[in-house]
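Asker: One file is attached below, my_file30.cif, containing mmCIF, C-alpha atoms and all ligand atoms.
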```
data_coords
loop_
_atom_site.label_atom_id
_atom_site.label_comp_id
_atom_site.auth_asym_id
_atom_site.auth_seq_id
_atom_site.Cartn_x
_atom_site.Cartn_y
_atom_site.Cartn_z
CA MET A 1 59.26 36.09 -0.65
CA LYS A 2 57.93 33.35 -2.92
CA ILE A 3 54.23 33.00 -3.73
CA GLY A 4 52.70 29.51 -3.79
CA ILE A 5 49.54 27.92 -5.08
CA VAL A 6 48.21 25.68 -2.31
CA GLY A 7 44.71 24.80 -3.47
CA ILE A 8 42.98 24.17 -6.79
CA GLY A 9 39.44 23.40 -7.95
CA HIS A 10 37.66 23.08 -11.29
CA SER A 11 33.97 22.78 -12.23
CA LYS A 12 32.62 20.83 -15.17
CA PHE A 13 32.70 23.14 -18.21
CA GLY A 14 29.84 23.21 -20.72
CA ARG A 15 26.17 24.12 -20.53
CA ARG A 16 25.46 24.68 -16.84
CA ASP A 17 21.78 25.68 -16.76
CA ASP A 18 21.60 23.57 -13.58
CA VAL A 19 23.33 26.20 -11.43
CA THR A 20 23.31 29.92 -10.66
CA VAL A 21 26.57 31.84 -10.97
CA GLN A 22 26.98 31.62 -7.18
CA GLU A 23 26.55 27.83 -7.23
CA LEU A 24 28.94 27.56 -10.17
CA ALA A 25 31.56 29.50 -8.20
CA PHE A 26 30.99 27.30 -5.14
CA GLU A 27 32.02 24.07 -6.92
CA PRO A 28 35.74 24.83 -7.46
CA PHE A 29 35.91 26.94 -4.31
CA VAL A 30 35.04 23.99 -2.07
CA GLU A 31 37.45 21.74 -3.95
CA ALA A 32 40.25 24.31 -3.61
CA LEU A 33 39.50 24.93 0.06
CA ASN A 34 39.57 21.20 0.87
CA ASP A 35 42.68 20.78 -1.24
CA SER A 36 44.49 23.48 0.75
CA GLY A 37 43.26 22.31 4.15
CA LEU A 38 42.56 25.95 5.07
CA GLN A 39 39.41 27.28 6.72
CA ARG A 40 37.30 30.03 5.13
CA GLU A 41 38.45 32.50 7.82
CA GLU A 42 42.06 32.04 6.68
CA ILE A 43 41.30 33.51 3.26
CA ASP A 44 42.00 37.23 3.60
CA ALA A 45 40.61 38.39 0.28
CA THR A 46 39.06 37.19 -2.96
CA ILE A 47 39.70 38.31 -6.50
CA ILE A 48 37.19 37.22 -9.10
CA GLY A 49 38.08 37.11 -12.78
CA ALA A 50 34.99 37.37 -14.96
CA SER A 51 33.47 39.19 -17.88
CA PRO A 52 30.20 40.46 -16.35
CA VAL A 53 28.72 41.54 -19.68
CA TYR A 54 27.44 38.02 -20.47
CA MET A 55 25.65 37.49 -17.17
CA THR A 56 22.21 38.45 -15.86
CA GLN A 57 23.60 39.02 -12.37
CA ARG A 58 25.69 42.17 -12.44
CA SER A 59 28.47 43.04 -9.97
CA ILE A 60 28.87 39.34 -9.24
CA ALA A 61 31.69 39.77 -6.71
CA GLY A 62 29.23 40.62 -3.91
CA PRO A 63 26.70 37.80 -4.38
CA VAL A 64 29.44 35.23 -5.01
CA THR A 65 31.42 36.19 -1.90
CA GLU A 66 28.29 36.04 0.23
CA TYR A 67 27.39 32.60 -1.14
CA LEU A 68 30.89 31.26 -0.52
CA GLY A 69 30.65 32.36 3.11
CA LEU A 70 33.53 34.79 2.76
CA ASN A 71 31.93 37.94 4.20
CA PRO A 72 33.32 40.19 5.60
CA GLN A 73 36.64 39.66 3.77
CA PRO A 74 37.14 42.03 0.83
CA VAL A 75 36.61 41.12 -2.83
CA TRP A 76 37.58 42.64 -6.20
CA LEU A 77 36.67 41.88 -9.79
CA THR A 78 39.25 41.93 -12.58
CA GLU A 79 38.07 42.19 -16.17
CA ALA A 80 40.34 41.71 -19.17
CA ALA A 81 37.99 39.80 -21.51
CA CYS A 82 39.25 36.21 -21.93
CA SER A 83 42.27 36.88 -19.70
CA SER A 84 40.23 38.12 -16.71
CA SER A 85 41.29 35.40 -14.28
CA ALA A 86 44.98 35.40 -15.27
CA SER A 87 44.77 39.11 -14.40
CA ALA A 88 43.21 38.11 -11.07
CA LEU A 89 46.20 35.86 -10.31
CA ARG A 90 48.64 38.65 -11.17
CA THR A 91 46.73 40.98 -8.84
CA ALA A 92 46.75 38.38 -6.05
CA TYR A 93 50.50 37.94 -6.47
CA ALA A 94 51.04 41.69 -6.06
CA LEU A 95 48.77 41.90 -3.01
CA ILE A 96 50.58 39.05 -1.25
CA LYS A 97 54.01 40.28 -2.25
CA SER A 98 53.16 43.73 -0.84
CA LYS A 99 52.08 41.99 2.41
CA MET A 100 48.64 43.54 2.23
CA HIS A 101 47.21 39.98 2.30
CA ASP A 102 48.65 36.55 3.13
CA THR A 103 46.19 34.21 1.42
CA VAL A 104 43.97 35.12 -1.50
CA LEU A 105 41.28 33.18 -3.34
CA VAL A 106 41.49 33.67 -7.11
CA LEU A 107 38.28 32.57 -8.75
CA GLY A 108 37.45 32.58 -12.46
CA VAL A 109 33.74 32.18 -13.07
CA GLN A 110 31.62 32.70 -16.15
CA LYS A 111 28.14 32.01 -17.39
CA MET A 112 27.80 32.67 -21.14
CA LEU A 113 25.09 30.29 -22.28
CA GLU A 114 22.30 32.29 -20.67
CA ASN A 115 22.48 33.97 -24.11
CA PRO A 116 21.92 32.49 -27.57
CA THR A 117 25.02 32.30 -29.83
CA SER A 118 23.90 35.32 -31.88
CA GLU A 119 23.79 37.47 -28.74
CA ILE A 120 27.15 36.12 -27.46
CA LEU A 121 28.74 36.99 -30.80
CA LYS A 122 27.36 40.54 -30.58
CA ILE A 123 28.51 41.03 -26.99
CA MET A 124 31.94 39.55 -27.72
CA GLY A 125 32.27 41.55 -30.93
CA ARG A 126 32.07 44.70 -28.83
CA THR A 127 35.36 43.64 -27.19
CA GLY A 128 36.74 44.87 -30.52
CA ASP A 129 36.59 48.50 -31.61
CA VAL A 130 32.94 49.64 -31.50
CA GLN A 131 33.67 52.62 -33.70
CA TRP A 132 35.54 51.09 -36.62
CA GLU A 133 35.19 47.29 -36.39
CA ALA A 134 32.15 45.93 -34.50
CA PRO A 135 29.58 47.92 -36.56
CA TYR A 136 30.78 45.97 -39.61
CA GLY A 137 29.92 42.67 -37.92
CA THR A 138 33.35 41.54 -36.75
CA THR A 139 33.28 38.40 -34.59
CA PHE A 140 36.23 36.76 -32.90
CA ALA A 141 36.21 34.06 -35.54
CA ASN A 142 36.65 36.86 -38.10
CA TYR A 143 39.67 38.29 -36.27
CA TYR A 144 41.35 34.91 -35.97
CA ALA A 145 40.46 34.05 -39.57
CA MET A 146 42.39 37.17 -40.58
CA TYR A 147 45.34 35.97 -38.49
CA ALA A 148 45.08 32.52 -40.09
CA ASN A 149 45.00 33.99 -43.61
CA ALA A 150 48.03 36.15 -42.79
CA HIS A 151 49.93 33.13 -41.40
CA MET A 152 49.00 30.96 -44.37
CA THR A 153 50.02 33.63 -46.87
CA LYS A 154 53.29 34.46 -45.17
CA TYR A 155 54.43 30.97 -44.12
CA GLY A 156 52.41 28.47 -46.14
CA THR A 157 50.56 27.12 -43.08
CA THR A 158 47.76 24.78 -44.19
CA SER A 159 44.21 23.96 -43.12
CA GLU A 160 45.40 20.40 -42.35
CA GLN A 161 47.94 21.76 -39.90
CA LEU A 162 45.24 23.82 -38.20
CA ALA A 163 43.01 20.74 -38.07
CA LYS A 164 45.77 18.73 -36.39
CA VAL A 165 45.70 21.13 -33.43
CA ALA A 166 41.98 20.44 -33.00
CA VAL A 167 42.54 16.68 -33.32
CA LYS A 168 45.24 16.73 -30.60
CA ASN A 169 43.22 18.87 -28.20
CA HIS A 170 40.05 16.79 -28.64
CA PHE A 171 42.20 13.66 -28.08
CA TYR A 172 43.29 14.98 -24.68
CA GLY A 173 39.84 16.44 -23.98
CA SER A 174 38.45 12.92 -24.35
CA LYS A 175 40.43 12.03 -21.20
CA ASN A 176 39.27 15.04 -19.16
CA SER A 177 36.00 14.50 -17.30
CA LYS A 178 35.64 18.28 -16.78
CA ALA A 179 35.82 19.05 -20.52
CA MET A 180 32.78 20.15 -22.54
CA PHE A 181 33.71 17.87 -25.47
CA GLN A 182 35.04 14.42 -24.60
CA LYS A 183 35.07 12.87 -28.06
CA GLU A 184 38.03 12.34 -30.35
CA ILE A 185 37.81 13.83 -33.86
CA THR A 186 39.77 13.35 -37.09
CA VAL A 187 41.40 15.76 -39.53
CA ASP A 188 38.68 14.90 -42.06
CA LYS A 189 35.95 15.69 -39.56
CA VAL A 190 37.49 19.12 -38.95
CA LEU A 191 37.87 19.87 -42.66
CA GLU A 192 34.34 18.66 -43.43
CA SER A 193 32.76 20.77 -40.66
CA ARG A 194 31.03 23.98 -41.70
CA ILE A 195 33.05 27.12 -42.34
CA ILE A 196 32.58 29.66 -39.53
CA SER A 197 34.90 32.31 -41.00
CA SER A 198 37.15 31.18 -43.82
CA PRO A 199 39.55 29.37 -43.39
CA LEU A 200 38.27 28.42 -39.90
CA HIS A 201 35.82 25.52 -39.66
CA LEU A 202 33.53 24.76 -36.71
CA TYR A 203 36.15 22.45 -35.18
CA ASP A 204 38.84 25.12 -35.48
CA CYS A 205 36.86 27.15 -32.93
CA CYS A 206 36.51 26.83 -29.18
CA ALA A 207 32.94 26.79 -27.90
CA ASN A 208 31.23 29.30 -25.65
CA ALA A 209 30.65 27.72 -22.25
CA ASP A 210 29.77 28.10 -18.59
CA GLY A 211 32.37 27.15 -16.01
CA SER A 212 34.57 28.08 -13.09
CA ALA A 213 37.98 27.32 -11.62
CA ALA A 214 39.67 28.39 -8.38
CA LEU A 215 43.16 28.83 -6.94
CA ILE A 216 44.20 29.50 -3.36
CA VAL A 217 47.40 31.51 -3.31
CA SER A 218 49.54 32.10 -0.21
CA ASN A 219 52.76 33.67 0.92
CA GLU A 220 55.88 31.50 1.23
CA GLU A 221 55.58 30.83 4.94
CA ILE A 222 51.98 29.64 4.80
CA SER A 223 52.58 27.69 1.58
CA LYS A 224 55.43 25.74 3.15
CA LYS A 225 53.50 25.18 6.37
CA ILE A 226 50.30 23.80 4.87
CA SER A 227 51.47 22.05 1.72
CA ASP A 228 54.04 19.38 0.84
CA THR A 229 53.78 20.37 -2.80
CA PRO A 230 53.22 24.12 -3.12
CA ILE A 231 53.54 25.18 -6.73
CA TRP A 232 55.55 28.38 -6.97
CA VAL A 233 54.73 31.31 -9.23
CA GLU A 234 58.17 31.98 -10.72
CA GLY A 235 57.46 34.52 -13.43
CA LEU A 236 54.61 36.79 -14.42
CA GLY A 237 54.50 38.58 -17.73
CA ALA A 238 51.72 40.84 -18.89
CA ALA A 239 51.57 43.04 -21.95
CA THR A 240 49.20 44.80 -24.29
CA ALA A 241 49.06 45.18 -28.07
CA PRO A 242 47.23 47.73 -30.20
CA PHE A 243 43.51 47.31 -29.88
CA SER A 244 42.69 48.41 -33.38
CA LEU A 245 43.76 46.01 -36.12
CA LEU A 246 44.57 49.00 -38.33
CA THR A 247 47.53 49.85 -36.14
CA ARG A 248 48.95 46.32 -35.87
CA ALA A 249 52.22 45.88 -37.73
CA GLU A 250 51.60 42.14 -38.26
CA LEU A 251 48.55 39.88 -38.12
CA SER A 252 50.44 36.57 -37.95
CA THR A 253 51.74 37.17 -34.41
CA LEU A 254 50.51 38.72 -31.15
CA SER A 255 53.10 41.21 -29.95
CA SER A 256 51.47 41.17 -26.49
CA ALA A 257 52.30 37.44 -26.20
CA VAL A 258 55.90 37.95 -27.31
CA GLU A 259 56.38 40.73 -24.77
CA ALA A 260 54.55 38.97 -21.91
CA SER A 261 56.55 35.78 -22.37
CA ARG A 262 59.81 37.72 -22.51
CA SER A 263 59.12 39.27 -19.09
CA ALA A 264 57.88 35.98 -17.60
CA TYR A 265 61.01 34.09 -18.75
CA THR A 266 63.25 36.92 -17.48
CA GLN A 267 61.64 36.96 -14.04
CA ALA A 268 61.77 33.16 -13.82
CA LYS A 269 65.38 33.17 -15.13
CA ILE A 270 64.62 30.54 -17.75
CA ASP A 271 64.10 30.25 -21.49
CA PRO A 272 61.46 28.37 -23.50
CA THR A 273 63.60 25.21 -23.62
CA ASN A 274 63.11 24.83 -19.84
CA ILE A 275 59.32 24.50 -20.07
CA ASP A 276 58.12 20.90 -19.56
CA VAL A 277 54.41 21.47 -20.12
CA ALA A 278 52.26 24.41 -21.24
CA GLU A 279 48.67 25.54 -21.48
CA VAL A 280 48.17 28.00 -24.33
CA HIS A 281 45.18 30.04 -25.39
CA ASP A 282 43.83 27.97 -28.32
CA CYS A 283 40.57 29.88 -28.77
CA PHE A 284 41.02 29.00 -32.45
CA THR A 285 43.49 26.47 -33.84
CA ILE A 286 45.55 29.23 -35.46
CA ALA A 287 45.91 30.84 -32.02
CA GLU A 288 47.75 27.76 -30.75
CA ILE A 289 50.09 27.78 -33.77
CA MET A 290 50.82 31.48 -33.24
CA ALA A 291 51.45 30.76 -29.53
CA TYR A 292 54.11 28.11 -30.36
CA GLU A 293 56.02 30.86 -32.17
CA ASP A 294 55.23 33.82 -29.89
CA LEU A 295 56.34 31.84 -26.81
CA GLY A 296 59.57 30.79 -28.52
CA PHE A 297 58.84 27.04 -28.64
CA THR A 298 59.65 27.05 -32.33
CA GLU A 299 60.93 29.43 -35.00
CA ARG A 300 58.60 31.97 -36.56
CA GLY A 301 56.78 30.39 -39.49
CA LYS A 302 57.32 26.81 -38.25
CA GLY A 303 54.26 26.68 -35.98
CA GLY A 304 52.22 24.68 -38.45
CA GLU A 305 54.74 21.82 -38.36
CA PHE A 306 55.27 22.03 -34.60
CA VAL A 307 51.95 20.51 -33.55
CA GLU A 308 53.44 17.01 -33.81
CA ASN A 309 55.85 18.00 -30.98
CA THR A 310 53.09 19.02 -28.61
CA TYR A 311 51.77 15.56 -27.66
CA ILE A 312 52.96 13.94 -24.41
CA GLY A 313 56.41 12.57 -25.23
CA GLY A 314 57.04 15.44 -27.68
CA LYS A 315 59.27 18.49 -27.21
CA VAL A 316 56.71 20.54 -25.26
CA PRO A 317 53.39 18.87 -24.38
CA ILE A 318 50.76 21.58 -24.87
CA ASN A 319 47.10 21.67 -23.85
CA VAL A 320 47.15 18.07 -22.68
CA ASP A 321 43.94 18.70 -20.73
CA GLY A 322 42.10 19.49 -23.99
CA GLY A 323 42.76 23.23 -24.11
CA LEU A 324 39.99 25.74 -24.73
CA LYS A 325 39.18 23.79 -27.88
CA ALA A 326 37.86 20.72 -26.07
CA LYS A 327 37.27 22.02 -22.54
CA GLY A 328 35.15 24.93 -23.78
CA HIS A 329 35.97 28.59 -23.16
CA PRO A 330 33.96 30.26 -20.38
CA VAL A 331 35.95 33.43 -20.90
CA GLY A 332 36.42 34.59 -17.29
CA ALA A 333 37.25 31.10 -16.01
CA THR A 334 39.82 30.08 -18.63
CA GLY A 335 42.91 31.71 -17.06
CA CYS A 336 42.36 29.86 -13.76
CA SER A 337 41.49 26.64 -15.57
CA GLN A 338 44.86 26.74 -17.34
CA VAL A 339 46.67 27.20 -14.02
CA VAL A 340 44.75 24.29 -12.48
CA GLY A 341 45.99 22.10 -15.37
CA ILE A 342 49.60 23.14 -14.81
CA VAL A 343 49.43 22.73 -11.02
CA GLN A 344 48.09 19.18 -11.49
CA GLN A 345 50.97 18.44 -13.85
CA LEU A 346 53.65 19.84 -11.54
CA ARG A 347 52.21 17.97 -8.56
CA GLY A 348 52.16 14.74 -10.62
CA GLU A 349 48.37 14.52 -10.29
CA ALA A 350 47.36 14.69 -13.98
CA GLY A 351 46.43 11.00 -14.24
CA GLN A 352 46.53 9.53 -17.73
CA CYS A 353 47.65 12.91 -19.16
CA GLN A 354 50.62 13.27 -16.81
CA VAL A 355 53.86 14.54 -18.35
CA ASP A 356 56.48 12.48 -16.50
CA GLY A 357 58.74 14.49 -14.22
CA ALA A 358 57.30 17.90 -15.18
CA GLU A 359 59.15 20.55 -13.16
CA LYS A 360 58.29 23.78 -14.93
CA GLY A 361 55.01 24.78 -16.54
CA LEU A 362 53.67 27.79 -18.39
CA THR A 363 50.26 29.36 -19.01
CA HIS A 364 49.47 31.78 -21.85
CA ASN A 365 46.12 33.54 -21.55
CA VAL A 366 45.09 35.99 -24.26
CA GLY A 367 42.41 38.63 -23.77
CA GLY A 368 40.32 40.07 -26.57
CA HIS A 369 41.88 39.54 -29.98
CA GLY A 370 45.33 39.95 -28.46
CA GLN A 371 45.09 43.37 -26.85
CA TYR A 372 45.95 41.68 -23.53
CA CYS A 373 48.21 38.73 -22.84
CA LEU A 374 49.40 37.21 -19.58
CA VAL A 375 52.08 34.53 -19.41
CA HIS A 376 52.87 32.82 -16.11
CA VAL A 377 55.68 30.41 -15.29
CA PHE A 378 55.34 27.92 -12.42
CA SER A 379 57.67 25.41 -10.80
CA ARG A 380 57.28 22.53 -8.37
C1 LIG B 401 31.56 28.39 -33.67
C2 LIG B 401 30.26 28.81 -33.01
C3 LIG B 401 29.72 30.10 -33.65
C4 LIG B 401 29.25 27.68 -33.13
O1 LIG B 401 28.09 28.04 -32.42
P1 LIG B 401 26.63 27.56 -32.90
O2 LIG B 401 26.49 27.82 -34.36
O3 LIG B 401 25.63 28.17 -31.99
O4 LIG B 401 26.72 26.05 -32.68
P2 LIG B 401 25.61 25.19 -31.98
O5 LIG B 401 25.57 25.58 -30.53
O6 LIG B 401 24.35 25.30 -32.79
O7 LIG B 401 26.20 23.76 -32.06
C5 LIG B 401 26.09 22.95 -33.18
C6 LIG B 401 26.80 21.65 -32.85
O8 LIG B 401 28.21 21.87 -32.89
C7 LIG B 401 28.79 21.66 -31.60
N1 LIG B 401 29.73 22.77 -31.40
C8 LIG B 401 29.44 24.07 -31.26
N2 LIG B 401 30.57 24.78 -31.17
C9 LIG B 401 31.57 23.89 -31.27
C10 LIG B 401 32.95 24.02 -31.24
N3 LIG B 401 33.51 25.22 -31.13
N4 LIG B 401 33.73 22.90 -31.36
C11 LIG B 401 33.14 21.69 -31.48
N5 LIG B 401 31.81 21.51 -31.53
C12 LIG B 401 31.05 22.61 -31.41
C13 LIG B 401 27.66 21.69 -30.62
O9 LIG B 401 27.92 20.89 -29.49
C14 LIG B 401 26.52 21.13 -31.44
O10 LIG B 401 26.64 19.73 -31.50
P3 LIG B 401 25.33 18.80 -31.49
O11 LIG B 401 24.58 19.20 -32.74
O12 LIG B 401 25.90 17.42 -31.50
O13 LIG B 401 24.62 19.17 -30.23
C15 LIG B 401 30.53 29.07 -31.48
O14 LIG B 401 31.01 27.88 -30.89
C16 LIG B 401 31.50 30.21 -31.26
O15 LIG B 401 31.12 31.39 -31.27
N6 LIG B 401 32.78 29.93 -31.00
C17 LIG B 401 33.82 30.92 -30.85
C18 LIG B 401 33.85 31.49 -29.43
C19 LIG B 401 34.81 32.64 -29.32
O16 LIG B 401 35.03 33.40 -30.23
N7 LIG B 401 35.41 32.80 -28.13
C20 LIG B 401 36.37 33.84 -27.85
C21 LIG B 401 37.68 33.52 -28.39
S1 LIG B 401 38.96 34.58 -27.83
#
```
What is this file in structure tokens?
Answerer:
Amino acid sequence: MKIGIVGIGHSKFGRRDDVTVQELAFEPFVEALNDSGLQREEIDATIIGASPVYMTQRSIAGPVTEYLGLNPQPVWLTEAACSSSASALRTAYALIKSKMHDTVLVLGVQKMLENPTSEILKIMGRTGDVQWEAPYGTTFANYYAMYANAHMTKYGTTSEQLAKVAVKNHFYGSKNSKAMFQKEITVDKVLESRIISSPLHLYDCCANADGSAALIVSNEEISKKISDTPIWVEGLGAATAPFSLLTRAELSTLSSAVEASRSAYTQAKIDPTNIDVAEVHDCFTIAEIMAYEDLGFTERGKGGEFVENTYIGGKVPINVDGGLKAKGHPVGATGCSQVVGIVQQLRGEAGQCQVDGAEKGLTHNVGGHGQYCLVHVFSR
């Protein structure tokens, strides 16, 4: 049995003091429901991907489900840091495949900006090892700065190459009305911005954000019945890497991403050359460069040069909705947001950022500083 995505929705990302977490969840839910043409009663279960630690409202699954009008159907929460909602999609796939449920709502929702940056950095830092790393003040920018230094030392990757990733993603973000940042930037602007953790500048970093995105996922029979353009989930890869940096063999790659992509390609019976468009986890510019290599789009060490191939018209258009860099990164919502971008592409509904004739798309959602990674392959 195939599993299809039949409805998508996406809120505006950014500072969303105007809404509660329930209201934020409602925005993409209603879009996805209308998109699918289903009624609330036809959704058998909901899986929410979120990192509750940033939010005032705890155990958000209950209040959100009530607000969406989905009682008494069951709900679960999946938490895997920044890959929480990709984990929710994987769980939904398994539930439908096992025939426990026929149609599942997968909803990524996150409020982060209820907290000042200093508090967010502390909370996020505790996603790293609280015994040996967080007490020394490690932030995510620090982790990815270490990866960037390792990549630069080993392969000669430059700050200009990192900056070019930011320039590309802000270019596409400027065309995305749901993105937090909708302004183009230049390489000089990136290099002149303040250092957050050397060598990463402000514009090498994604921004903390509030936001939500939703997917309605159904079994093959329902997908074919209700949609002319169901987007099929062809391959799911998930893997973990050592949590503690001390036990990582290499800092210039994420072994979880290599392993997750290998299983996703195997299940989908394809290789990286078959991917027409991809959304990768560019929480920092170096993360996108590492993803080019870990996903097999280019040889190891060549990621810095590959950015030129990731514009529309290039070898593999990547993050042509702005990526985390320009959309903002509301951690629990990002996995679903990436899938929404790929579904739009495969349906031919991506407007001015459409990749002509895209047939196969990929998402790469990293959790923590690489301890989790989920790679999904989709086809039209
Ligand atoms: C880099 C960072 C520390 C900056 O936060 P900050 O110092 O509080 O920045 P501010 O909110 O004061 O913003 C200062 C300005 O820079 C802008 N800005 C903030 N972060 C930005 C970013 N990442 N990219 C582009 N612009 C950014 C703001 O919009 C603001 O612009 P304005 O002055 O025109 O309003 C924060 O964005 C951050 O923590 N990013 C990393 C998030 C992360 O690690 N996520 C997990 C990854 S797996």
Asker: At a cut-off of 7 Å, can you tabulate as a Markdown table every residue of chain A near ligand LIG 401 (chain B) together with its closest atom pair and the distance in Å to one decimal, using only C-alpha atoms and all ligand atoms and ordering rows by chain then number?
Answerer:
```
| residue | atom | partner | partner_atom | distance |
| --- | --- | --- | --- | --- |
| A:Cys82 | CA | B:LIG401 | S1 | 6.1 |
| A:Thr117 | CA | B:LIG401 | O3 | 4.7 |
| A:Leu121 | CA | B:LIG401 | O15 | 6.1 |
| A:Thr139 | CA | B:LIG401 | O16 | 6.9 |
| A:Phe140 | CA | B:LIG401 | O16 | 4.5 |
| A:Ala141 | CA | B:LIG401 | O16 | 5.5 |
| A:Ile196 | CA | B:LIG401 | C1 | 6.1 |
| A:Leu202 | CA | B:LIG401 | C1 | 5.1 |
| A:Tyr203 | CA | B:LIG401 | N4 | 4.5 |
| A:Asp204 | CA | B:LIG401 | N3 | 6.9 |
| A:Cys205 | CA | B:LIG401 | N3 | 4.3 |
| A:Cys206 | CA | B:LIG401 | N3 | 3.9 |
| A:Ala207 | CA | B:LIG401 | N3 | 3.6 |
| A:Asn208 | CA | B:LIG401 | C18 | 5.1 |
| A:Cys283 | CA | B:LIG401 | C21 | 4.7 |
| A:Phe284 | CA | B:LIG401 | C21 | 6.9 |
| A:Lys325 | CA | B:LIG401 | N4 | 6.5 |
| A:His329 | CA | B:LIG401 | N7 | 6.5 |
| A:Val331 | CA | B:LIG401 | C20 | 7.0 |
| A:Gly367 | CA | B:LIG401 | S1 | 6.7 |
| A:Gly368 | CA | B:LIG401 | S1 | 5.8 |
| A:His369 | CA | B:LIG401 | S1 | 6.1 |
```
Asker: What is the atom CA of Thr46 of chain A to atom CA of Ala92 of chain A distance in Å?
Answerer: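 Straight-line distance from atom CA of Thr46 of chain A to atom CA of Ala92 of chain A works out to 8.4 Å.
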Asker: Which residue gives the smallest distance to Ser87 of chain A among A:His170, A:Lys302, A:Gly237, A:Ala209, with all atoms listed in the file counted?
Answerer: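 So, comparing all the options, the nearest one is A:Gly237.
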Asker: Leaving out Leu346 of chain A and any residue of its chain fewer than 2 positions from it, which residues lie within 7 Å of it when counting only C-alpha atoms, given as a PyMOL selection string?
Answerer: chain A and resi 342-344+348+358-360+379-380
Asker: Ranking A:Ser223, A:Gln131, A:Gln22, A:Thr310 by minimum distance to Thr65 of chain A and counting only C-alpha atoms, which one comes first?
Answerer: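 Residue with the minimum atom-to-atom distance to Thr65 of chain A: A:Gln22.
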Asker: Between atom CA of Val316 of chain A and atom CA of Asp356 of chain A, what is the spacing in Å?
Answerer: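 Interatomic distance, atom CA of Asp356 of chain A to atom CA of Val316 of chain A: 11.9 Å.
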Asker: Could you work out how far atom CA of Ile123 of chain A lies from atom CA of Glu279 of chain A, giving the answer in Å with one decimal?
Answerer: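 These two atoms are separated by 26.0 Å.
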Asker: Can you work out which one of A:Glu250, A:Glu41, A:Asp210, A:Asp35 has the shortest atom-to-atom distance to Asp102 of chain A, counting all atoms listed in the file?
Answerer: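 Closest to Asp102 of chain A of all the choices is A:Glu41.
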Asker: Find the residues near Met100 of chain A: any atom within 12 Å, counting only C-alpha atoms, skip ones fewer than 2 places away on the same chain, and give them as JSON, numbers by chain.
Answerer: {"A": [44, 45, 74, 91, 92, 93, 94, 95, 96, 97, 98, 102, 103, 104, 218, 219]}
Asker: Quick one: residues within 10 Å of Ala326 of chain A, all atoms listed in the file, excluding same-chain residues fewer than 5 positions away - as a PDB file with C-alpha atoms, in the frame of the given file?
Answerer:
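Result saved to out_23.pdb:
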```pdb
ATOM      1  CA  PHE A  13      32.700  23.140 -18.210  1.00  0.00           C
ATOM      2  CA  GLY A  14      29.840  23.210 -20.720  1.00  0.00           C
ATOM      3  CA  ALA A 166      41.980  20.440 -33.000  1.00  0.00           C
ATOM      4  CA  VAL A 167      42.540  16.680 -33.320  1.00  0.00           C
ATOM      5  CA  LYS A 168      45.240  16.730 -30.600  1.00  0.00           C
ATOM      6  CA  ASN A 169      43.220  18.870 -28.200  1.00  0.00           C
ATOM      7  CA  HIS A 170      40.050  16.790 -28.640  1.00  0.00           C
ATOM      8  CA  PHE A 171      42.200  13.660 -28.080  1.00  0.00           C
ATOM      9  CA  TYR A 172      43.290  14.980 -24.680  1.00  0.00           C
ATOM     10  CA  GLY A 173      39.840  16.440 -23.980  1.00  0.00           C
ATOM     11  CA  SER A 174      38.450  12.920 -24.350  1.00  0.00           C
ATOM     12  CA  ASN A 176      39.270  15.040 -19.160  1.00  0.00           C
ATOM     13  CA  LYS A 178      35.640  18.280 -16.780  1.00  0.00           C
ATOM     14  CA  ALA A 179      35.820  19.050 -20.520  1.00  0.00           C
ATOM     15  CA  MET A 180      32.780  20.150 -22.540  1.00  0.00           C
ATOM     16  CA  PHE A 181      33.710  17.870 -25.470  1.00  0.00           C
ATOM     17  CA  GLN A 182      35.040  14.420 -24.600  1.00  0.00           C
ATOM     18  CA  LYS A 183      35.070  12.870 -28.060  1.00  0.00           C
ATOM     19  CA  GLU A 184      38.030  12.340 -30.350  1.00  0.00           C
ATOM     20  CA  TYR A 203      36.150  22.450 -35.180  1.00  0.00           C
ATOM     21  CA  CYS A 205      36.860  27.150 -32.930  1.00  0.00           C
ATOM     22  CA  CYS A 206      36.510  26.830 -29.180  1.00  0.00           C
ATOM     23  CA  ALA A 207      32.940  26.790 -27.900  1.00  0.00           C
ATOM     24  CA  ASP A 282      43.830  27.970 -28.320  1.00  0.00           C
ATOM     25  CA  CYS A 283      40.570  29.880 -28.770  1.00  0.00           C
ATOM     26  CA  ASN A 319      47.100  21.670 -23.850  1.00  0.00           C
ATOM     27  CA  ASP A 321      43.940  18.700 -20.730  1.00  0.00           C
TER      28      ASP A 321
END
```
